[in-house]
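Engineer: The file below is target26.pdb, PDB, C-alpha atoms:
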```pdb
ATOM      1  CA  MET A 462     -53.634 -98.438  91.127
ATOM      2  CA  GLY A 463     -52.436 -98.619  87.603
ATOM      3  CA  LYS A 464     -48.883 -98.086  88.791
ATOM      4  CA  ARG A 465     -49.004-101.070  91.177
ATOM      5  CA  THR A 466     -50.225-103.289  88.368
ATOM      6  CA  ASN A 467     -47.314-102.098  86.346
ATOM      7  CA  ASN A 468     -44.899-102.937  89.227
ATOM      8  CA  ASN A 469     -46.322-106.403  89.586
ATOM      9  CA  ARG A 470     -45.800-107.012  85.930
ATOM     10  CA  ILE A 471     -42.169-106.019  86.120
ATOM     11  CA  ASN A 472     -41.483-108.156  89.200
ATOM     12  CA  LYS A 473     -42.926-111.207  87.564
ATOM     13  CA  GLN A 474     -40.359-111.001  84.793
ATOM     14  CA  GLY A 475     -37.637-112.300  87.179
ATOM     15  CA  PHE A 476     -33.955-112.089  86.262
ATOM     16  CA  THR A 477     -32.717-112.422  82.768
ATOM     17  CA  LEU A 478     -29.959-114.889  81.965
ATOM     18  CA  LEU A 479     -27.574-111.981  81.407
ATOM     19  CA  GLU A 480     -28.255-110.554  84.861
ATOM     20  CA  THR A 481     -27.651-113.927  86.466
ATOM     21  CA  ILE A 482     -24.395-114.421  84.606
ATOM     22  CA  VAL A 483     -23.154-110.963  85.563
ATOM     23  CA  ALA A 484     -24.109-111.523  89.215
ATOM     24  CA  ILE A 485     -22.304-114.879  89.349
ATOM     25  CA  ALA A 486     -19.265-113.425  87.583
ATOM     26  CA  ILE A 487     -19.011-110.626  90.152
ATOM     27  CA  LEU A 488     -19.303-113.161  92.980
ATOM     28  CA  ALA A 489     -16.667-115.381  91.412
ATOM     29  CA  LEU A 490     -14.320-112.416  91.001
ATOM     30  CA  ALA A 491     -14.841-111.438  94.628
ATOM     31  CA  ILE A 492     -13.896-114.964  95.671
ATOM     32  CA  MET A 493     -11.031-115.480  93.239
ATOM     33  CA  GLY A 494      -9.377-112.169  94.138
ATOM     34  CA  PRO A 495      -8.361-113.034  97.703
ATOM     35  CA  MET A 496      -7.656-116.607  96.591
ATOM     36  CA  GLU A 497      -5.162-115.366  94.016
ATOM     37  CA  LEU A 498      -3.530-113.088  96.580
ATOM     38  CA  ALA A 499      -3.164-115.938  99.062
ATOM     39  CA  ALA A 500      -1.733-118.267  96.405
ATOM     40  CA  ARG A 501       0.769-115.606  95.397
ATOM     41  CA  SER A 502       1.846-115.057  98.983
ATOM     42  CA  ILE A 503       2.537-118.754  99.517
ATOM     43  CA  GLY A 504       4.485-118.777  96.271
ATOM     44  CA  LEU A 505       6.611-115.871  97.454
ATOM     45  CA  ALA A 506       7.144-117.538 100.817
ATOM     46  CA  SER A 507       8.535-120.567  98.996
ATOM     47  CA  VAL A 508      10.833-118.321  96.940
ATOM     48  CA  SER A 509      12.154-116.695 100.092
ATOM     49  CA  LYS A 510      12.728-120.134 101.634
ATOM     50  CA  ASN A 511      14.760-121.332  98.652
ATOM     51  CA  GLN A 512      16.566-118.019  98.553
ATOM     52  CA  ILE A 513      17.802-118.515 102.105
ATOM     53  CA  VAL A 514      19.024-122.018 101.260
ATOM     54  CA  ALA A 515      20.680-120.700  98.097
ATOM     55  CA  PHE A 516      22.385-117.905 100.006
ATOM     56  CA  TYR A 517      23.920-120.325 102.481
ATOM     57  CA  LEU A 518      24.911-122.763  99.728
ATOM     58  CA  ALA A 519      26.689-119.939  97.928
ATOM     59  CA  GLN A 520      28.412-118.926 101.144
ATOM     60  CA  ASP A 521      29.341-122.589 101.660
ATOM     61  CA  ALA A 522      31.357-122.644  98.433
ATOM     62  CA  MET A 523      32.833-119.183  98.927
ATOM     63  CA  GLU A 524      34.129-120.040 102.399
ATOM     64  CA  TYR A 525      35.525-123.294 101.066
ATOM     65  CA  VAL A 526      37.458-121.409  98.389
ATOM     66  CA  LYS A 527      38.868-119.028 100.992
ATOM     67  CA  ASN A 528      39.736-121.976 103.201
ATOM     68  CA  VAL A 529      41.671-123.716 100.428
ATOM     69  CA  ARG A 530      43.514-120.476  99.648
ATOM     70  CA  ASP A 531      44.453-120.091 103.323
ATOM     71  CA  ALA A 532      45.586-123.724 103.443
ATOM     72  CA  ASN A 533      47.774-122.978 100.402
ATOM     73  CA  PHE A 534      49.295-120.043 102.297
ATOM     74  CA  LEU A 535      50.183-122.445 105.092
ATOM     75  CA  THR A 536      51.737-125.034 102.754
ATOM     76  CA  PRO A 537      55.398-124.273 102.062
ATOM     77  CA  GLY A 538      56.093-123.989  98.358
ATOM     78  CA  ALA A 539      52.434-124.086  97.300
ATOM     79  CA  ASN A 540      50.959-121.592  94.858
ATOM     80  CA  TRP A 541      48.091-119.690  96.453
ATOM     81  CA  LEU A 542      45.706-120.897  93.718
ATOM     82  CA  ASP A 543      46.647-124.591  93.885
ATOM     83  CA  GLY A 544      43.603-126.825  93.407
ATOM     84  CA  PHE A 545      41.558-124.195  91.561
ATOM     85  CA  ASP A 546      42.648-125.039  88.004
ATOM     86  CA  SER A 547      39.265-126.566  87.109
ATOM     87  CA  CYS A 548      37.432-123.487  88.425
ATOM     88  CA  ARG A 549      39.324-121.227  86.055
ATOM     89  CA  GLY A 550      37.997-122.966  82.940
ATOM     90  CA  LEU A 551      35.124-121.670  80.846
ATOM     91  CA  ASN A 552      32.463-123.837  82.532
ATOM     92  CA  GLY A 553      33.723-123.376  86.039
ATOM     93  CA  CYS A 554      33.746-126.101  88.641
ATOM     94  CA  TYR A 555      31.558-127.692  91.285
ATOM     95  CA  ILE A 556      32.662-128.159  94.864
ATOM     96  CA  ASP A 557      31.609-131.012  97.102
ATOM     97  CA  VAL A 558      32.357-129.385 100.450
ATOM     98  CA  PRO A 559      31.609-132.322 102.796
ATOM     99  CA  ARG A 560      33.784-134.585 100.627
ATOM    100  CA  ASP A 561      36.445-131.951 100.121
ATOM    101  CA  GLU A 562      36.498-132.269  96.308
ATOM    102  CA  ILE A 563      36.716-129.746  93.489
ATOM    103  CA  SER A 564      35.778-131.008  89.999
ATOM    104  CA  ALA A 565      35.483-129.342  86.613
ATOM    105  CA  CYS A 566      32.038-128.926  85.057
ATOM    106  CA  THR A 567      31.566-130.289  81.559
ATOM    107  CA  GLY A 568      28.891-128.092  80.045
ATOM    108  CA  ASP A 569      26.409-127.365  82.810
ATOM    109  CA  CYS A 570      27.390-128.192  86.370
ATOM    110  CA  PRO A 571      25.598-131.142  88.003
ATOM    111  CA  VAL A 572      22.650-130.672  90.330
ATOM    112  CA  LEU A 573      23.434-130.739  94.047
ATOM    113  CA  LYS A 574      22.161-133.846  95.778
ATOM    114  CA  TYR A 575      20.572-133.856  99.174
ATOM    115  CA  ASP A 576      21.418-136.835 101.351
ATOM    116  CA  SER A 577      18.675-137.035 103.965
ATOM    117  CA  SER A 578      20.448-139.744 105.980
ATOM    118  CA  GLY A 579      23.774-137.913 105.885
ATOM    119  CA  LEU A 580      21.820-134.661 106.128
ATOM    120  CA  PHE A 581      23.859-132.669 103.690
ATOM    121  CA  TYR A 582      24.183-131.238 100.217
ATOM    122  CA  ASN A 583      26.791-133.096  98.170
ATOM    123  CA  TYR A 584      27.321-134.682  94.741
ATOM    124  CA  ALA A 585      27.755-138.376  95.518
ATOM    125  CA  ALA A 586      24.755-139.602  97.486
ATOM    126  CA  GLY A 587      21.091-138.805  97.970
ATOM    127  CA  GLU A 588      18.275-137.411  95.869
ATOM    128  CA  ASN A 589      18.604-134.517  93.469
ATOM    129  CA  SER A 590      17.822-131.197  95.083
ATOM    130  CA  VAL A 591      16.571-128.199  93.109
ATOM    131  CA  PHE A 592      19.894-126.354  93.319
ATOM    132  CA  THR A 593      22.777-126.162  90.847
ATOM    133  CA  ARG A 594      25.918-124.455  92.088
ATOM    134  CA  THR A 595      28.686-123.169  89.826
ATOM    135  CA  VAL A 596      31.998-121.735  90.984
ATOM    136  CA  LYS A 597      34.054-119.660  88.573
ATOM    137  CA  ILE A 598      37.397-118.050  89.212
ATOM    138  CA  THR A 599      38.537-115.422  86.735
ATOM    139  CA  ASP A 600      41.456-113.076  86.437
ATOM    140  CA  VAL A 601      40.998-109.442  87.284
ATOM    141  CA  ALA A 602      41.964-107.170  84.403
ATOM    142  CA  GLU A 603      44.100-104.697  86.322
ATOM    143  CA  ASN A 604      45.949-107.362  88.314
ATOM    144  CA  THR A 605      47.652-110.569  87.279
ATOM    145  CA  ASN A 606      46.485-113.741  88.959
ATOM    146  CA  GLU A 607      49.573-113.686  91.104
ATOM    147  CA  VAL A 608      47.850-111.050  93.211
ATOM    148  CA  GLU A 609      44.089-111.049  92.830
ATOM    149  CA  VAL A 610      41.314-113.176  91.329
ATOM    150  CA  LYS A 611      37.543-112.863  91.193
ATOM    151  CA  VAL A 612      35.478-115.695  92.644
ATOM    152  CA  ARG A 613      31.864-115.971  91.532
ATOM    153  CA  VAL A 614      29.482-118.509  93.045
ATOM    154  CA  THR A 615      26.124-118.849  91.318
ATOM    155  CA  VAL A 616      23.291-120.943  92.709
ATOM    156  CA  LEU A 617      20.485-121.637  90.252
ATOM    157  CA  TRP A 618      17.107-123.201  90.963
ATOM    158  CA  ASN A 619      13.657-123.402  89.431
ATOM    159  CA  GLU A 620      10.612-121.834  90.985
ATOM    160  CA  LYS A 621       7.083-122.293  89.703
ATOM    161  CA  THR A 622       7.423-118.787  88.293
ATOM    162  CA  GLY A 623      10.652-119.625  86.457
ATOM    163  CA  PRO A 624      14.373-119.979  87.103
ATOM    164  CA  LYS A 625      16.005-117.975  89.887
ATOM    165  CA  THR A 626      19.656-117.360  90.582
ATOM    166  CA  PHE A 627      21.626-116.162  93.524
ATOM    167  CA  THR A 628      25.181-114.959  92.977
ATOM    168  CA  ILE A 629      27.937-114.054  95.388
ATOM    169  CA  GLU A 630      31.025-112.394  93.985
ATOM    170  CA  ASP A 631      34.198-111.701  95.896
ATOM    171  CA  ASN A 632      37.759-110.866  95.006
ATOM    172  CA  ILE A 633      40.376-112.821  96.894
ATOM    173  CA  PHE A 634      43.921-111.597  97.282
ATOM    174  CA  ASN A 635      47.313-113.131  97.647
ATOM    175  CA  TRP A 636      47.966-110.904 100.634
ATOM    176  CA  ILE A 637      50.622-113.048 102.258
ATOM    177  CA  ASN A 638      53.346-112.806  99.605
TER     178      ASN A 638
ATOM    179  CA  MET B1079     -57.053-112.247  95.853
ATOM    180  CA  LYS B1080     -54.990-115.158  94.764
ATOM    181  CA  GLN B1081     -51.586-115.339  96.510
ATOM    182  CA  ARG B1082     -48.735-116.236  94.222
ATOM    183  CA  GLY B1083     -45.783-117.917  95.959
ATOM    184  CA  PHE B1084     -42.689-119.478  94.450
ATOM    185  CA  THR B1085     -43.016-122.614  92.426
ATOM    186  CA  LEU B1086     -41.116-125.710  93.530
ATOM    187  CA  ILE B1087     -38.771-125.375  90.562
ATOM    188  CA  GLU B1088     -37.904-121.806  91.506
ATOM    189  CA  ILE B1089     -37.107-122.830  95.070
ATOM    190  CA  ILE B1090     -34.961-125.750  93.932
ATOM    191  CA  VAL B1091     -33.017-123.593  91.493
ATOM    192  CA  ALA B1092     -32.568-120.836  94.075
ATOM    193  CA  ILE B1093     -31.299-123.261  96.724
ATOM    194  CA  GLY B1094     -29.044-124.934  94.148
ATOM    195  CA  ILE B1095     -27.375-121.664  93.186
ATOM    196  CA  PHE B1096     -27.122-120.604  96.829
ATOM    197  CA  THR B1097     -25.437-123.912  97.765
ATOM    198  CA  ALA B1098     -23.010-123.741  94.870
ATOM    199  CA  VAL B1099     -21.966-120.195  95.698
ATOM    200  CA  ILE B1100     -21.648-120.833  99.444
ATOM    201  CA  THR B1101     -19.617-124.017  98.847
ATOM    202  CA  MET B1102     -17.258-122.124  96.597
ATOM    203  CA  ALA B1103     -16.866-119.284  99.072
ATOM    204  CA  LEU B1104     -16.388-121.593 102.036
ATOM    205  CA  ALA B1105     -13.784-123.715 100.244
ATOM    206  CA  THR B1106     -11.922-120.544  99.322
ATOM    207  CA  PHE B1107     -11.869-119.226 102.854
ATOM    208  CA  LEU B1108     -10.767-122.566 104.294
ATOM    209  CA  ASN B1109      -8.030-122.675 101.683
ATOM    210  CA  ILE B1110      -6.900-119.149 102.460
ATOM    211  CA  SER B1111      -6.786-119.921 106.162
ATOM    212  CA  ASN B1112      -4.617-122.998 105.455
ATOM    213  CA  ILE B1113      -2.282-121.000 103.246
ATOM    214  CA  GLN B1114      -2.048-118.316 105.891
ATOM    215  CA  ARG B1115      -1.065-120.929 108.474
ATOM    216  CA  LYS B1116       1.525-122.446 106.173
ATOM    217  CA  ALA B1117       3.026-119.061 105.309
ATOM    218  CA  GLY B1118       3.233-118.273 109.006
ATOM    219  CA  ALA B1119       5.022-121.534 109.764
ATOM    220  CA  LEU B1120       7.416-120.959 106.883
ATOM    221  CA  ARG B1121       8.217-117.469 108.066
ATOM    222  CA  ALA B1122       8.881-118.705 111.610
ATOM    223  CA  ILE B1123      11.316-121.330 110.328
ATOM    224  CA  ASN B1124      13.032-118.924 107.949
ATOM    225  CA  ASP B1125      13.496-116.327 110.694
ATOM    226  CA  ASN B1126      14.741-118.732 113.333
ATOM    227  CA  LEU B1127      17.149-120.760 111.229
ATOM    228  CA  ASN B1128      18.486-117.685 109.503
ATOM    229  CA  PHE B1129      19.060-115.960 112.839
ATOM    230  CA  ALA B1130      20.699-118.982 114.474
ATOM    231  CA  LEU B1131      23.026-119.619 111.545
ATOM    232  CA  GLU B1132      23.885-115.945 111.159
ATOM    233  CA  VAL B1133      24.803-115.618 114.830
ATOM    234  CA  MET B1134      26.836-118.828 114.769
ATOM    235  CA  SER B1135      28.710-117.946 111.566
ATOM    236  CA  ARG B1136      29.721-114.495 112.725
ATOM    237  CA  ASP B1137      30.847-115.827 116.083
ATOM    238  CA  ILE B1138      32.759-118.786 114.642
ATOM    239  CA  ARG B1139      34.313-116.902 111.721
ATOM    240  CA  THR B1140      36.036-114.396 114.005
ATOM    241  CA  GLY B1141      36.971-117.072 116.546
ATOM    242  CA  LYS B1142      39.855-119.492 116.818
ATOM    243  CA  SER B1143      40.912-122.795 118.443
ATOM    244  CA  TYR B1144      38.099-124.805 116.895
ATOM    245  CA  CYS B1145      37.224-127.975 118.757
ATOM    246  CA  PRO B1146      39.568-128.246 121.725
ATOM    247  CA  PRO B1147      40.088-131.896 122.707
ATOM    248  CA  SER B1148      36.912-133.765 123.791
ATOM    249  CA  LEU B1149      34.689-130.666 123.617
ATOM    250  CA  CYS B1150      33.173-131.327 120.196
ATOM    251  CA  SER B1151      30.800-133.960 118.903
ATOM    252  CA  ALA B1152      28.734-134.295 115.747
ATOM    253  CA  SER B1153      26.067-132.064 117.297
ATOM    254  CA  SER B1154      28.143-129.712 119.411
ATOM    255  CA  PHE B1155      30.927-127.316 118.558
ATOM    256  CA  ALA B1156      33.332-125.483 120.864
ATOM    257  CA  PHE B1157      35.751-122.667 120.053
ATOM    258  CA  THR B1158      37.256-119.479 121.461
ATOM    259  CA  ASN B1159      35.530-116.340 120.217
ATOM    260  CA  SER B1160      37.027-112.929 119.447
ATOM    261  CA  GLN B1161      36.562-111.878 123.102
ATOM    262  CA  ALA B1162      38.646-114.903 124.182
ATOM    263  CA  LYS B1163      35.616-116.641 125.694
ATOM    264  CA  LEU B1164      35.002-120.365 125.301
ATOM    265  CA  ILE B1165      31.771-120.712 123.351
ATOM    266  CA  VAL B1166      29.841-123.946 122.853
ATOM    267  CA  TYR B1167      26.977-124.357 120.405
ATOM    268  CA  GLN B1168      24.976-127.534 120.705
ATOM    269  CA  PHE B1169      21.842-129.300 119.582
ATOM    270  CA  ASN B1170      19.353-130.044 122.334
ATOM    271  CA  GLY B1171      17.511-133.238 121.370
ATOM    272  CA  THR B1172      15.030-132.931 124.258
ATOM    273  CA  ASP B1173      13.371-129.655 123.338
ATOM    274  CA  TYR B1174      14.709-129.576 119.759
ATOM    275  CA  SER B1175      16.568-126.295 119.975
ATOM    276  CA  ILE B1176      20.019-124.825 119.433
ATOM    277  CA  GLU B1177      21.795-123.709 122.570
ATOM    278  CA  ARG B1178      24.792-121.521 123.300
ATOM    279  CA  SER B1179      27.002-121.435 126.349
ATOM    280  CA  GLU B1180      29.666-118.876 127.199
ATOM    281  CA  ASN B1181      32.651-119.772 129.446
ATOM    282  CA  GLY B1182      30.958-122.868 130.886
ATOM    283  CA  GLU B1183      27.842-120.988 131.970
ATOM    284  CA  PRO B1184      24.419-122.680 131.548
ATOM    285  CA  PHE B1185      23.170-123.151 128.004
ATOM    286  CA  LEU B1186      20.712-120.574 126.661
ATOM    287  CA  ARG B1187      18.498-121.385 123.717
ATOM    288  CA  LEU B1188      18.844-119.550 120.428
ATOM    289  CA  THR B1189      15.719-120.766 118.650
ATOM    290  CA  SER B1190      12.092-120.214 119.543
ATOM    291  CA  PRO B1191       9.717-123.013 120.645
ATOM    292  CA  GLU B1192       7.586-122.100 117.598
ATOM    293  CA  ILE B1193       9.875-124.284 115.541
ATOM    294  CA  LYS B1194      11.613-127.596 115.917
ATOM    295  CA  ILE B1195      15.263-128.145 115.089
ATOM    296  CA  ASP B1196      15.411-131.684 113.712
ATOM    297  CA  ASN B1197      19.151-131.859 113.475
ATOM    298  CA  LEU B1198      22.280-129.821 113.783
ATOM    299  CA  VAL B1199      25.518-131.316 112.520
ATOM    300  CA  PHE B1200      29.022-129.878 112.667
ATOM    301  CA  ILE B1201      31.594-131.362 110.313
ATOM    302  CA  VAL B1202      35.112-130.335 111.270
ATOM    303  CA  PRO B1203      37.626-131.765 108.777
ATOM    304  CA  SER B1204      41.295-132.006 109.619
ATOM    305  CA  SER B1205      42.367-129.185 107.318
ATOM    306  CA  LEU B1206      45.434-126.979 107.529
ATOM    307  CA  GLN B1207      43.255-123.903 107.868
ATOM    308  CA  PRO B1208      40.382-124.661 110.299
ATOM    309  CA  ARG B1209      36.874-124.739 108.893
ATOM    310  CA  VAL B1210      33.522-126.111 109.939
ATOM    311  CA  THR B1211      30.527-127.150 107.851
ATOM    312  CA  ILE B1212      27.192-126.657 109.582
ATOM    313  CA  ILE B1213      24.074-128.549 108.560
ATOM    314  CA  LEU B1214      20.815-127.357 110.011
ATOM    315  CA  ASN B1215      17.414-129.043 109.588
ATOM    316  CA  GLY B1216      14.303-127.360 110.921
ATOM    317  CA  SER B1217      10.588-128.055 110.679
ATOM    318  CA  SER B1218       7.298-126.652 111.888
ATOM    319  CA  VAL B1219       5.693-127.716 115.171
ATOM    320  CA  ASP B1220       2.329-126.616 113.787
ATOM    321  CA  LEU B1221       1.122-129.947 112.399
ATOM    322  CA  LYS B1222      -1.922-128.377 110.767
ATOM    323  CA  ALA B1223       0.399-126.312 108.579
ATOM    324  CA  GLY B1224       1.433-129.480 106.757
ATOM    325  CA  GLU B1225       4.977-130.419 105.859
ATOM    326  CA  VAL B1226       7.140-127.316 106.287
ATOM    327  CA  LYS B1227      10.867-128.064 106.347
ATOM    328  CA  LEU B1228      14.046-126.147 105.792
ATOM    329  CA  ASN B1229      17.482-127.689 105.261
ATOM    330  CA  ILE B1230      20.432-125.334 105.286
ATOM    331  CA  GLN B1231      24.102-126.022 104.856
ATOM    332  CA  THR B1232      26.976-123.634 105.064
ATOM    333  CA  THR B1233      30.697-123.604 105.739
ATOM    334  CA  ILE B1234      32.700-121.214 107.852
ATOM    335  CA  SER B1235      36.419-120.757 107.414
ATOM    336  CA  GLN B1236      38.389-119.263 110.259
ATOM    337  CA  ARG B1237      39.558-115.743 109.372
ATOM    338  CA  LYS B1238      42.704-115.906 111.479
ATOM    339  CA  LEU B1239      45.378-117.667 109.444
ATOM    340  CA  GLY B1240      46.670-120.948 110.860
ATOM    341  CA  GLN B1241      45.563-123.234 113.686
TER     342      GLN B1241
END
```
Take the structure I supplied and represent it as structure tokens, if you would.
Structural biologist:
Amino acid sequence: MGKRTNNNRINKQGFTLLETIVAIAILALAIMGPMELAARSIGLASVSKNQIVAFYLAQDAMEYVKNVRDANFLTPGANWLDGFDSCRGLNGCYIDVPRDEISACTGDCPVLKYDSSGLFYNYAAGENSVFTRTVKITDVAENTNEVEVKVRVTVLWNEKTGPKTFTIEDNIFNWIN
Amino acid sequence: MKQRGFTLIEIIVAIGIFTAVITMALATFLNISNIQRKAGALRAINDNLNFALEVMSRDIRTGKSYCPPSLCSASSFAFTNSQAKLIVYQFNGTDYSIERSENGEPFLRLTSPEIKIDNLVFIVPSSLQPRVTIILNGSSVDLKAGEVKLNIQTTISQRKLGQ
């Protein structure tokens, strides 16, 4: 009998503020955990999306460089690196592939624009995209630039988590002469 | 024996806390389900566009004779592949897909109905060494996933030297 009275007394005390706070904190943690995971996964999905775009933009410039080199091979009297002078400077160059233009970068290269009516990445029309593309051509130590040069295309963009870059590097050769 | 129930205040506070917690939990789960849907749509677009462009680039890079007379338009591209077959890639504006045809056979689609190709553009400049710039715009058909778009551009230069 005495024990039951004791129990009743304890029950009537209810929860303390501390208990309530701890209970709510645990609940909140349980809810925020999956939420955080989901938010992170959507963030990563966006990174992978931009990474695919960046990969193809880098390939875009690399193929253009190879195309210009091949066109130089086909032009009688042309040097195989004609047109690449601005890419061999310290800041590198930017290439507007749809407009067929190579220009030197002064300081940082300009941001690629996206022309939604023309539907392409270029430097003349449209809204700024998130991507900056730099093309640099450098000499290779063991070979003079008569034979081999290194082409490096870097695409830079900002994610919510910070800046990301994607780089393609390839050595092109003067294999025809 | 006097029966002690809950007081009105206790009930109100209990229901208040319960509501707050349930609202929070429900909002979270709805949010997660939305995010899940969006991530799924994004993955579908990434996979499809990446696959289509990868297949096209490999095929075109090793091919030759880009754009024989009257076989190309802004949204279709014809060439001879490394097996000497006439290949045509084109944009189908009716079911929003990319299609491929080999030696004049019927067109087969490259992209899944999960996604919508909004546009496919081939730019073939008159250059000494043939090249083609491909612009590909895709979006999600799942409207509940919200705005999910992917715009890709790449260039392919013919590996064989000369026209």
Engineer: For chain B versus chain A, which residues have an atom no more than 10 Å away, and what is each residue's nearest atom pair and distance in Å rounded to one decimal, using only C-alpha atoms, chain-then-number order, as a tab-separated table?
Structural biologist:
```
residue	atom	partner	partner_atom	distance
B:Ile1095	CA	A:Ile485	CA	9.3
B:Val1099	CA	A:Leu488	CA	8.0
B:Met1102	CA	A:Ile492	CA	8.0
B:Ala1103	CA	A:Ile492	CA	6.2
B:Leu1104	CA	A:Ile492	CA	9.5
B:Ala1105	CA	A:Ile492	CA	9.9
B:Thr1106	CA	A:Met496	CA	6.4
B:Phe1107	CA	A:Met496	CA	8.0
B:Asn1109	CA	A:Met496	CA	7.9
B:Ile1110	CA	A:Ala499	CA	6.0
B:Ser1111	CA	A:Ala499	CA	8.9
B:Asn1112	CA	A:Ala499	CA	9.6
B:Ile1113	CA	A:Ile503	CA	6.5
B:Gln1114	CA	A:Ala499	CA	7.3
B:Arg1115	CA	A:Ile503	CA	9.9
B:Lys1116	CA	A:Ile503	CA	7.7
B:Ala1117	CA	A:Ile503	CA	5.8
B:Gly1118	CA	A:Ala506	CA	9.1
B:Leu1120	CA	A:Ala506	CA	7.0
B:Arg1121	CA	A:Ala506	CA	7.3
B:Ile1123	CA	A:Lys510	CA	8.9
B:Asn1124	CA	A:Lys510	CA	6.4
B:Asp1125	CA	A:Ile513	CA	9.9
B:Leu1127	CA	A:Ile513	CA	9.4
B:Asn1128	CA	A:Ile513	CA	7.5
B:Leu1131	CA	A:Tyr517	CA	9.1
B:Glu1132	CA	A:Tyr517	CA	9.7
B:Arg1139	CA	A:Glu524	CA	9.8
B:Asn1197	CA	A:Leu580	CA	8.3
B:Leu1198	CA	A:Leu580	CA	9.1
B:Val1199	CA	A:Leu580	CA	8.1
B:Ile1201	CA	A:Pro559	CA	7.6
B:Val1202	CA	A:Pro559	CA	9.4
B:Pro1203	CA	A:Pro559	CA	8.5
B:Ser1205	CA	A:Ala532	CA	7.4
B:Leu1206	CA	A:Ala532	CA	5.2
B:Gln1207	CA	A:Ala532	CA	5.0
B:Pro1208	CA	A:Asn528	CA	7.6
B:Arg1209	CA	A:Asn528	CA	6.9
B:Val1210	CA	A:Tyr525	CA	9.5
B:Thr1211	CA	A:Pro559	CA	7.3
B:Ile1212	CA	A:Phe581	CA	9.1
B:Ile1213	CA	A:Phe581	CA	6.4
B:Leu1214	CA	A:Leu580	CA	8.3
B:Asn1215	CA	A:Leu580	CA	7.9
B:Lys1227	CA	A:Lys510	CA	9.4
B:Leu1228	CA	A:Lys510	CA	7.4
B:Asn1229	CA	A:Val514	CA	7.1
B:Ile1230	CA	A:Val514	CA	5.4
B:Gln1231	CA	A:Leu518	CA	6.1
B:Thr1232	CA	A:Asp521	CA	4.3
B:Thr1233	CA	A:Asp521	CA	4.4
B:Ile1234	CA	A:Glu524	CA	5.8
B:Ser1235	CA	A:Asn528	CA	5.5
B:Gln1236	CA	A:Asn528	CA	7.7
B:Arg1237	CA	A:Asn528	CA	8.8
B:Lys1238	CA	A:Asp531	CA	9.3
B:Leu1239	CA	A:Asp531	CA	6.6
B:Gly1240	CA	A:Leu535	CA	6.9
B:Gln1241	CA	A:Leu535	CA	9.8
```
Engineer: Determine the residue set returned by the PyMOL selection byres ((chain A and resi 588-594) around 6) for the present structure, and present it as a list in words.
Structural biologist: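 For this structure, the PyMOL selection byres ((chain A and resi 588-594) around 6) resolves to Val572, Leu573, Lys574, Tyr575, Gly587, Thr595, Thr615, Val616, Leu617 and Trp618 of chain A.
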Engineer: Between atom CA of Gln1161 of chain B and atom CA of Leu1149 of chain B, what is the spacing in Å?
Structural biologist: 18.9 Å
Engineer: Adding 3 Å on each side of the box along x, y and z that holds all listed atoms of segment 1136-1145 of chain B, could you give its centre and edge lengths in Å to one decimal, as AutoDock Vina command-line options?
Structural biologist:
```
--center_x 35.3 --center_y -121.2 --center_z 115.2 --size_x 17.2 --size_y 19.6 --size_z 13.0
```
Engineer: Find the distance between atom CA of Phe1200 of chain B and atom CA of Ser564 of chain A and write it in Å to one decimal.
Structural biologist: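 A separation of 23.7 Å between them.
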Engineer: How far is it from atom CA of Thr1158 of chain B to atom CA of Gly1141 of chain B, in Å with one decimal?
Structural biologist: 5.5 Å
